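First up is the structure itself, then whatever we jot down about it.
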Amino acid sequence: MVAKSRPATKKTTAEVRPTKKARIEDSVSRKIKHRTTKTSNEEPTVSVQYKGKQKADQNIVKNLSSAVLPSTFKIVAGSYEKLLYGLEGSTSIENDEVKFHLKPIFIFPAHVSCIKAVAASPGGKWLATGSADEIVKVWDLKRKKEIGGLMHHEGSITTLLFPSRSHLVSASEDGTIGIFHARDWSVLRTLRGHKGHVNSVDVHLSGKVALSVGKDRMLRMWDMMRGRGVASVKLGKEGEIVRWSTDGEMFAVQSGKEIDIYGTDMSLLYSITHPSRLHDIKFCKRAHHDGQVLLASAEDKKVSIYDFLPLPGQPTASDSGDNKESSPKIVAELVGHGNRQVKALQTLNISLLSPPPSTLPTSSIRRHPHSTTIISTVSSDGKINVYDLGHLHEFNAGKISIQEIQPVATYDTKGTRLTCVTLGEGEIGTDNVTGKRNRDRQEVEEEDDDESAEDEEWGGVGADEDEEEEEGEEDEEEESD
């Protein structure tokens, strides 16, 4: 990747309004009914409904994403030493076994201070990196070149994520959350409300609601349709990470060794005390079985996998004073890192059959699944590990032992202190039956690149200019004890 930097963009203020070109049309937002209500206990609940074409479009995108998966993947990791590592991963079937391969594609100093956050956009086109130098840099991951720097924040970057192909969300120690349009990288909104560092932010799978936690010990809910805060709750402790579940029905807040899992009505479903201090958590669907698991990386040199039994709806921590029987249990551990903590993890669904199925032995096609979920982890020991979640056994209530899962591929940076990691999609996979590339998926990608195409995937952000008003005052009025 070429490390040439274009002139940095001018620092933007919270009053910057999106250009006419970058705004979502009002007609798009009118197609969506979005309401925020409160229960009798003044606890925020959110319901999102879709109408007409948008509902159909979301179903199409969902079906396409599940039908066609990338056959290759990219791993990008940042470090304290300011270095950015890029690896390309692929799979093959050798001796009737699936093999994973990692190849370095770039290593270079990307920032002038330690890199604290990285994120790849869906489709793998864009890469964003954030640093203690207060700059968010944007890269074209496919062309391996720098696009420019977003000098919007006045503090270290703590979180970066792409809720869609067309939007980037950033959080910073300056107490703000930024929303950028990926077409021209203009600032759509600056969300203010936290009194101190914003530690983490995560957007609901619908793209209409976000949650954030910060040093002020507050959990804040944001209306992404109008770009403003709608509610806040005092946690009583500093939330370090917040994550939505894969189905959007619950979310987790991590603080030190503790993980609290809430329903969308703010009811406490589970409370977990991990054996050692945690650094990252993430919900993930099982690769070959129903249900989801919670991945937790910690200072004990491994990633613990929590399974959810009983399922939500059965007795939970809020129903009984003793939640030992209802808490999620550790069913497996990802091992393979040295004597240092696992700093970050990321997941991605990929296709396992890179070559057309017609070229493979019939026994291989029958024996091996067509897709799986990979987990990439980074540690202070300098290693980037890849695990196959398909190795996770189906939960057996009578089984007491914890399964150990070894990495399927490892890249050693020779002692670099890695801090963050992201997984990007590589080449589009082949159809599992015919071996042909899915043309509909390609058409969707082409439409995303078309400047004139309407952006409805994450409709609502920036849709109403009149709503761009005193977020800080609204947050003060909506705080609940």
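Identifiers for the structure tokens are assigned positionally: chains receive A, B, ... in sequence, residues are indexed from 1 per chain, and ligands are indexed from 1 in the order shown.
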* Ala119 of chain A environment, 6 Å, only C-alpha atoms, sequence neighbours closer than 5 positions dropped, as a ChimeraX atom specification -> /A:127-128,160-161,422
Could you pull the residues within 7 Å of Gly89 of chain A, counting only C-alpha atoms, minus those fewer than 6 positions along the same chain, as a PDB file with C-alpha atoms, in the first residue's frame?
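Dumped to out_31.pdb:
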```pdb
ATOM      1  CA  THR A  72     -10.902 -14.669   0.316  1.00  0.00           C
ATOM      2  CA  PHE A  73     -10.496 -12.175   3.137  1.00  0.00           C
ATOM      3  CA  LYS A  74      -8.187  -9.434   4.333  1.00  0.00           C
ATOM      4  CA  HIS A 101      -3.392 -19.539   4.163  1.00  0.00           C
ATOM      5  CA  LEU A 102      -2.153 -16.059   5.147  1.00  0.00           C
ATOM      6  CA  LYS A 103       0.031 -13.861   2.949  1.00  0.00           C
TER       7      LYS A 103
END
```
* To do: Excluding Glu333 of chain A and residues on its chain fewer than 4 positions from it, collect all residues at most 8 Å away from it, counting only C-alpha atoms, and give them as a list in words.
  =>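 What passes the distance filter is Lys302, Val303, Ser304, Ile305, Ile402, Gln403, Glu404 and Ile405 of chain A.
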Kindly export the residues of the current selection with N, CA and C atoms, as a JSON list (two decimals), in the first residue's frame.
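Output (again.json):
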```json
[["chain", "number", "residue", "atom", "x", "y", "z"],
["A", 302, "LYS", "N", -6.44, -15.89, 26.10],
["A", 302, "LYS", "CA", -7.35, -16.66, 25.26],
["A", 302, "LYS", "C", -8.66, -15.93, 25.07],
["A", 303, "VAL", "N", -9.46, -16.45, 24.15],
["A", 303, "VAL", "CA", -10.80, -15.93, 23.90],
["A", 303, "VAL", "C", -11.79, -16.98, 24.38],
["A", 304, "SER", "N", -12.64, -16.58, 25.31],
["A", 304, "SER", "CA", -13.66, -17.49, 25.84],
["A", 304, "SER", "C", -14.94, -17.36, 25.02],
["A", 305, "ILE", "N", -15.60, -18.50, 24.80],
["A", 305, "ILE", "CA", -16.86, -18.53, 24.05],
["A", 305, "ILE", "C", -17.97, -18.87, 25.02],
["A", 402, "ILE", "N", -14.45, -28.03, 28.85],
["A", 402, "ILE", "CA", -14.43, -26.88, 27.94],
["A", 402, "ILE", "C", -13.57, -27.23, 26.74],
["A", 403, "GLN", "N", -14.12, -27.04, 25.56],
["A", 403, "GLN", "CA", -13.42, -27.37, 24.32],
["A", 403, "GLN", "C", -12.32, -26.36, 24.05],
["A", 404, "GLU", "N", -11.14, -26.84, 23.64],
["A", 404, "GLU", "CA", -10.05, -25.97, 23.24],
["A", 404, "GLU", "C", -9.95, -25.95, 21.72],
["A", 405, "ILE", "N", -9.94, -24.75, 21.14],
["A", 405, "ILE", "CA", -9.87, -24.60, 19.69],
["A", 405, "ILE", "C", -8.54, -23.94, 19.33]]
```
Please list as a PDB file with all heavy atoms, in the first residue's frame every residue within 6 Å of Ala210 of chain A, counting only C-alpha atoms and excluding residues in the same chain fewer than 5 positions away.
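File produced: part-v6.pdb:
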```pdb
ATOM      1  N   ASP A 202     -21.861   1.397  19.064  1.00  0.00           N
ATOM      2  CA  ASP A 202     -22.271   0.324  18.166  1.00  0.00           C
ATOM      3  C   ASP A 202     -23.647   0.658  17.611  1.00  0.00           C
ATOM      4  O   ASP A 202     -24.514   1.171  18.326  1.00  0.00           O
ATOM      5  CB  ASP A 202     -22.299  -1.026  18.892  1.00  0.00           C
ATOM      6  CG  ASP A 202     -22.279  -2.195  17.921  1.00  0.00           C
ATOM      7  OD1 ASP A 202     -21.876  -1.997  16.763  1.00  0.00           O
ATOM      8  OD2 ASP A 202     -22.664  -3.310  18.317  1.00  0.00           O
ATOM      9  N   VAL A 203     -23.848   0.356  16.330  1.00  0.00           N
ATOM     10  CA  VAL A 203     -25.091   0.674  15.641  1.00  0.00           C
ATOM     11  C   VAL A 203     -25.926  -0.587  15.500  1.00  0.00           C
ATOM     12  O   VAL A 203     -25.410  -1.653  15.159  1.00  0.00           O
ATOM     13  CB  VAL A 203     -24.805   1.294  14.256  1.00  0.00           C
ATOM     14  CG1 VAL A 203     -26.105   1.596  13.514  1.00  0.00           C
ATOM     15  CG2 VAL A 203     -23.982   2.568  14.412  1.00  0.00           C
ATOM     16  N   HIS A 204     -27.218  -0.462  15.770  1.00  0.00           N
ATOM     17  CA  HIS A 204     -28.158  -1.569  15.618  1.00  0.00           C
ATOM     18  C   HIS A 204     -28.174  -2.040  14.173  1.00  0.00           C
ATOM     19  O   HIS A 204     -27.902  -1.273  13.244  1.00  0.00           O
ATOM     20  CB  HIS A 204     -29.554  -1.109  16.053  1.00  0.00           C
ATOM     21  CG  HIS A 204     -30.562  -2.211  16.148  1.00  0.00           C
ATOM     22  ND1 HIS A 204     -31.384  -2.549  15.088  1.00  0.00           N
ATOM     23  CD2 HIS A 204     -30.894  -3.044  17.162  1.00  0.00           C
ATOM     24  CE1 HIS A 204     -32.179  -3.542  15.458  1.00  0.00           C
ATOM     25  NE2 HIS A 204     -31.896  -3.865  16.705  1.00  0.00           N
ATOM     26  N   MET A 221     -28.371   6.466  24.118  1.00  0.00           N
ATOM     27  CA  MET A 221     -29.037   5.967  22.927  1.00  0.00           C
ATOM     28  C   MET A 221     -29.189   7.119  21.937  1.00  0.00           C
ATOM     29  O   MET A 221     -29.571   8.233  22.322  1.00  0.00           O
ATOM     30  CB  MET A 221     -30.408   5.392  23.279  1.00  0.00           C
ATOM     31  CG  MET A 221     -31.169   4.855  22.086  1.00  0.00           C
ATOM     32  SD  MET A 221     -32.813   4.258  22.550  1.00  0.00           S
ATOM     33  CE  MET A 221     -32.352   2.869  23.605  1.00  0.00           C
ATOM     34  N   TRP A 222     -28.880   6.838  20.666  1.00  0.00           N
ATOM     35  CA  TRP A 222     -28.904   7.862  19.627  1.00  0.00           C
ATOM     36  C   TRP A 222     -29.894   7.481  18.531  1.00  0.00           C
ATOM     37  O   TRP A 222     -29.928   6.328  18.096  1.00  0.00           O
ATOM     38  CB  TRP A 222     -27.512   8.047  19.023  1.00  0.00           C
ATOM     39  CG  TRP A 222     -26.445   8.321  20.036  1.00  0.00           C
ATOM     40  CD1 TRP A 222     -25.636   7.405  20.643  1.00  0.00           C
ATOM     41  CD2 TRP A 222     -26.076   9.590  20.579  1.00  0.00           C
ATOM     42  NE1 TRP A 222     -24.790   8.011  21.529  1.00  0.00           N
ATOM     43  CE2 TRP A 222     -25.036   9.365  21.512  1.00  0.00           C
ATOM     44  CE3 TRP A 222     -26.524  10.895  20.368  1.00  0.00           C
ATOM     45  CZ2 TRP A 222     -24.441  10.390  22.221  1.00  0.00           C
ATOM     46  CZ3 TRP A 222     -25.919  11.928  21.076  1.00  0.00           C
ATOM     47  CH2 TRP A 222     -24.891  11.667  21.990  1.00  0.00           C
TER      48      TRP A 222
END
```
Each segment 78-152 of chain A residue no farther than 12 Å from segment 341-344 of chain A, nearest pair in Å, only C-alpha atoms, as a tab-separated table:
```
residue	atom	partner	partner_atom	distance
A:Gly78	CA	A:Ala344	CA	10.3
A:Ser79	CA	A:Lys343	CA	10.4
A:Tyr80	CA	A:Lys343	CA	11.6
A:Lys116	CA	A:Ala344	CA	10.5
A:Ala117	CA	A:Ala344	CA	9.9
A:Val118	CA	A:Ala344	CA	10.6
```
Residue selection dump (all heavy atoms) as a compact mmCIF listing (two decimals), in the first residue's frame:
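Now in result-v3.txt:
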```
# COMPACT_ATOMS: atom_id res chain seq x y z
N GLY A 78 -3.62 -2.92 13.60
CA GLY A 78 -2.82 -1.77 14.00
C GLY A 78 -1.99 -2.08 15.22
O GLY A 78 -2.21 -3.09 15.91
N SER A 79 -1.04 -1.20 15.53
CA SER A 79 -0.10 -1.49 16.62
C SER A 79 0.32 -0.23 17.35
O SER A 79 0.12 0.90 16.87
CB SER A 79 1.15 -2.19 16.06
OG SER A 79 1.87 -1.29 15.23
N TYR A 80 0.91 -0.42 18.52
CA TYR A 80 1.49 0.68 19.29
C TYR A 80 2.64 1.32 18.53
O TYR A 80 2.92 2.51 18.69
CB TYR A 80 2.00 0.17 20.65
CG TYR A 80 0.93 -0.01 21.70
CD1 TYR A 80 0.57 -1.27 22.13
CD2 TYR A 80 0.29 1.10 22.26
CE1 TYR A 80 -0.41 -1.44 23.10
CE2 TYR A 80 -0.69 0.94 23.23
CZ TYR A 80 -1.03 -0.34 23.64
OH TYR A 80 -2.00 -0.49 24.60
N LYS A 116 -5.23 2.96 17.22
CA LYS A 116 -6.14 2.50 18.25
C LYS A 116 -7.41 1.86 17.70
O LYS A 116 -8.14 1.19 18.44
CB LYS A 116 -6.51 3.66 19.18
CG LYS A 116 -5.30 4.34 19.81
CD LYS A 116 -5.69 5.38 20.84
CE LYS A 116 -6.24 4.73 22.10
NZ LYS A 116 -6.51 5.72 23.17
N ALA A 117 -7.73 2.09 16.42
CA ALA A 117 -8.96 1.53 15.86
C ALA A 117 -8.81 1.35 14.37
O ALA A 117 -8.18 2.17 13.68
CB ALA A 117 -10.15 2.45 16.17
N VAL A 118 -9.38 0.26 13.86
CA VAL A 118 -9.41 0.00 12.41
C VAL A 118 -10.79 -0.57 12.07
O VAL A 118 -11.42 -1.24 12.89
CB VAL A 118 -8.32 -1.00 11.97
CG1 VAL A 118 -6.94 -0.37 12.06
CG2 VAL A 118 -8.36 -2.28 12.79
```
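Going from atom CA of Asp300 of chain A over to atom CA of Asp260 of chain A, you cover 19.8 Å.
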* To do: Take atom CA of His153 of chain A and atom CA of Gly248 of chain A and report the distance between them in Å, one decimal.
  =>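 Separation between atom CA of His153 of chain A and atom CA of Gly248 of chain A: 28.9 Å.
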* Mind checking which residues fall within 7 Å of Arg340 of chain A, counting only C-alpha atoms, ignoring those fewer than 4 positions away in the same chain, and posting them as a count of residues only? => 5
* **Asn385 of chain A surroundings by only C-alpha atoms, 8 Å radius, close-in-sequence under 6 positions cut, as a PyMOL selection string** => chain A and resi 336-337+376-378+407-411
Next, write the just-selected residues to a file, as a compact mmCIF listing (two decimals), in the first residue's frame, keeping N, CA, C and O atoms as the atom set.
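Output (result00.txt):
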```txt
# COMPACT_ATOMS: atom_id res chain seq x y z
N GLY A 336 -3.73 -20.29 21.82
CA GLY A 336 -2.68 -20.18 20.82
C GLY A 336 -1.85 -18.92 20.93
O GLY A 336 -0.82 -18.80 20.26
N HIS A 337 -2.27 -17.96 21.75
CA HIS A 337 -1.45 -16.77 21.97
C HIS A 337 -0.45 -17.06 23.09
O HIS A 337 -0.65 -17.95 23.92
N SER A 376 -10.61 -13.59 13.84
CA SER A 376 -9.22 -13.15 13.85
C SER A 376 -8.95 -12.43 15.17
O SER A 376 -9.75 -11.59 15.60
N THR A 377 -7.84 -12.76 15.80
CA THR A 377 -7.48 -12.15 17.09
C THR A 377 -6.06 -11.59 17.00
O THR A 377 -5.22 -12.09 16.26
N VAL A 378 -5.82 -10.52 17.77
CA VAL A 378 -4.47 -9.96 17.86
C VAL A 378 -4.10 -9.84 19.33
O VAL A 378 -4.96 -9.66 20.19
N PRO A 407 -5.68 -22.34 16.60
CA PRO A 407 -5.76 -21.50 15.39
C PRO A 407 -5.52 -22.34 14.14
O PRO A 407 -4.75 -23.30 14.15
N VAL A 408 -6.19 -21.96 13.05
CA VAL A 408 -6.00 -22.64 11.76
C VAL A 408 -4.93 -21.94 10.94
O VAL A 408 -4.44 -22.48 9.94
N ALA A 409 -4.55 -20.72 11.33
CA ALA A 409 -3.48 -19.99 10.65
C ALA A 409 -2.94 -18.93 11.61
O ALA A 409 -3.69 -18.38 12.42
N THR A 410 -1.64 -18.65 11.50
CA THR A 410 -1.00 -17.67 12.37
C THR A 410 0.02 -16.86 11.58
O THR A 410 0.75 -17.40 10.75
N TYR A 411 0.04 -15.56 11.85
CA TYR A 411 1.10 -14.70 11.29
C TYR A 411 1.80 -14.02 12.46
O TYR A 411 1.15 -13.41 13.31
```
* Asked: Quick one: of A:Leu345, A:Ala120, A:Val169, A:Val198, who's nearest to Ser156 of chain A, counting only C-alpha atoms?
  -> A:Val198
* Asked: With only C-alpha atoms as the atoms that count, which of A:Gly415, A:Gly214, A:Gly196, A:Gly178 lies nearest to Gly227 of chain A?
  ->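 Answer, going by the shortest atom-to-atom distance: A:Gly178.
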* **Sel. of strand (DSSP E) residues, segment 195-300 of chain A, as a ChimeraX atom specification** => /A:198-203,209-214,218-223,228-234,241-244,250-255,258-263,268-273,278-285,292-298
* Counting only C-alpha atoms, figure out which residue out of A:Leu191, A:Val386, A:Leu295, A:Ile330 gets nearest to Phe283 of chain A. => A:Leu295
* Interatomic distance, atom CA of Val421 of chain A to atom CA of Val68 of chain A (Å, one decimal) ->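 One can read the atom CA of Val421 of chain A to atom CA of Val68 of chain A distance as 23.7 Å.
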* Asked: Pick the closest to Gly263 of chain A from A:Ile157, A:Trp244, A:Pro275, A:Asp280: which is it, counting only C-alpha atoms?
  ->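 Of A:Ile157, A:Trp244, A:Pro275, A:Asp280, the one nearest Gly263 of chain A is A:Trp244, counting only C-alpha atoms.
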* Spatial neighbours of Glu240 of chain A, 9 Å, only C-alpha atoms, chain gap at least 4 places, as a PyMOL selection string -> chain A and resi 198-200+213-215+253-256+279-280
* Find, counting only C-alpha atoms, the residue in A:Ala287, A:Ala298, A:Leu278, A:Val136 that gets nearest to Ser172 of chain A. =>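 Comparing A:Ala287, A:Ala298, A:Leu278, A:Val136 against Ser172 of chain A, the winner is A:Val136.
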* Can you work out which one of A:Pro122, A:Pro70, A:Gly130, A:Gly148 has the shortest atom-to-atom distance to Leu84 of chain A, counting only C-alpha atoms? =>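 Going through A:Pro122, A:Pro70, A:Gly130, A:Gly148 one by one, the smallest distance to Leu84 of chain A is for A:Gly130.
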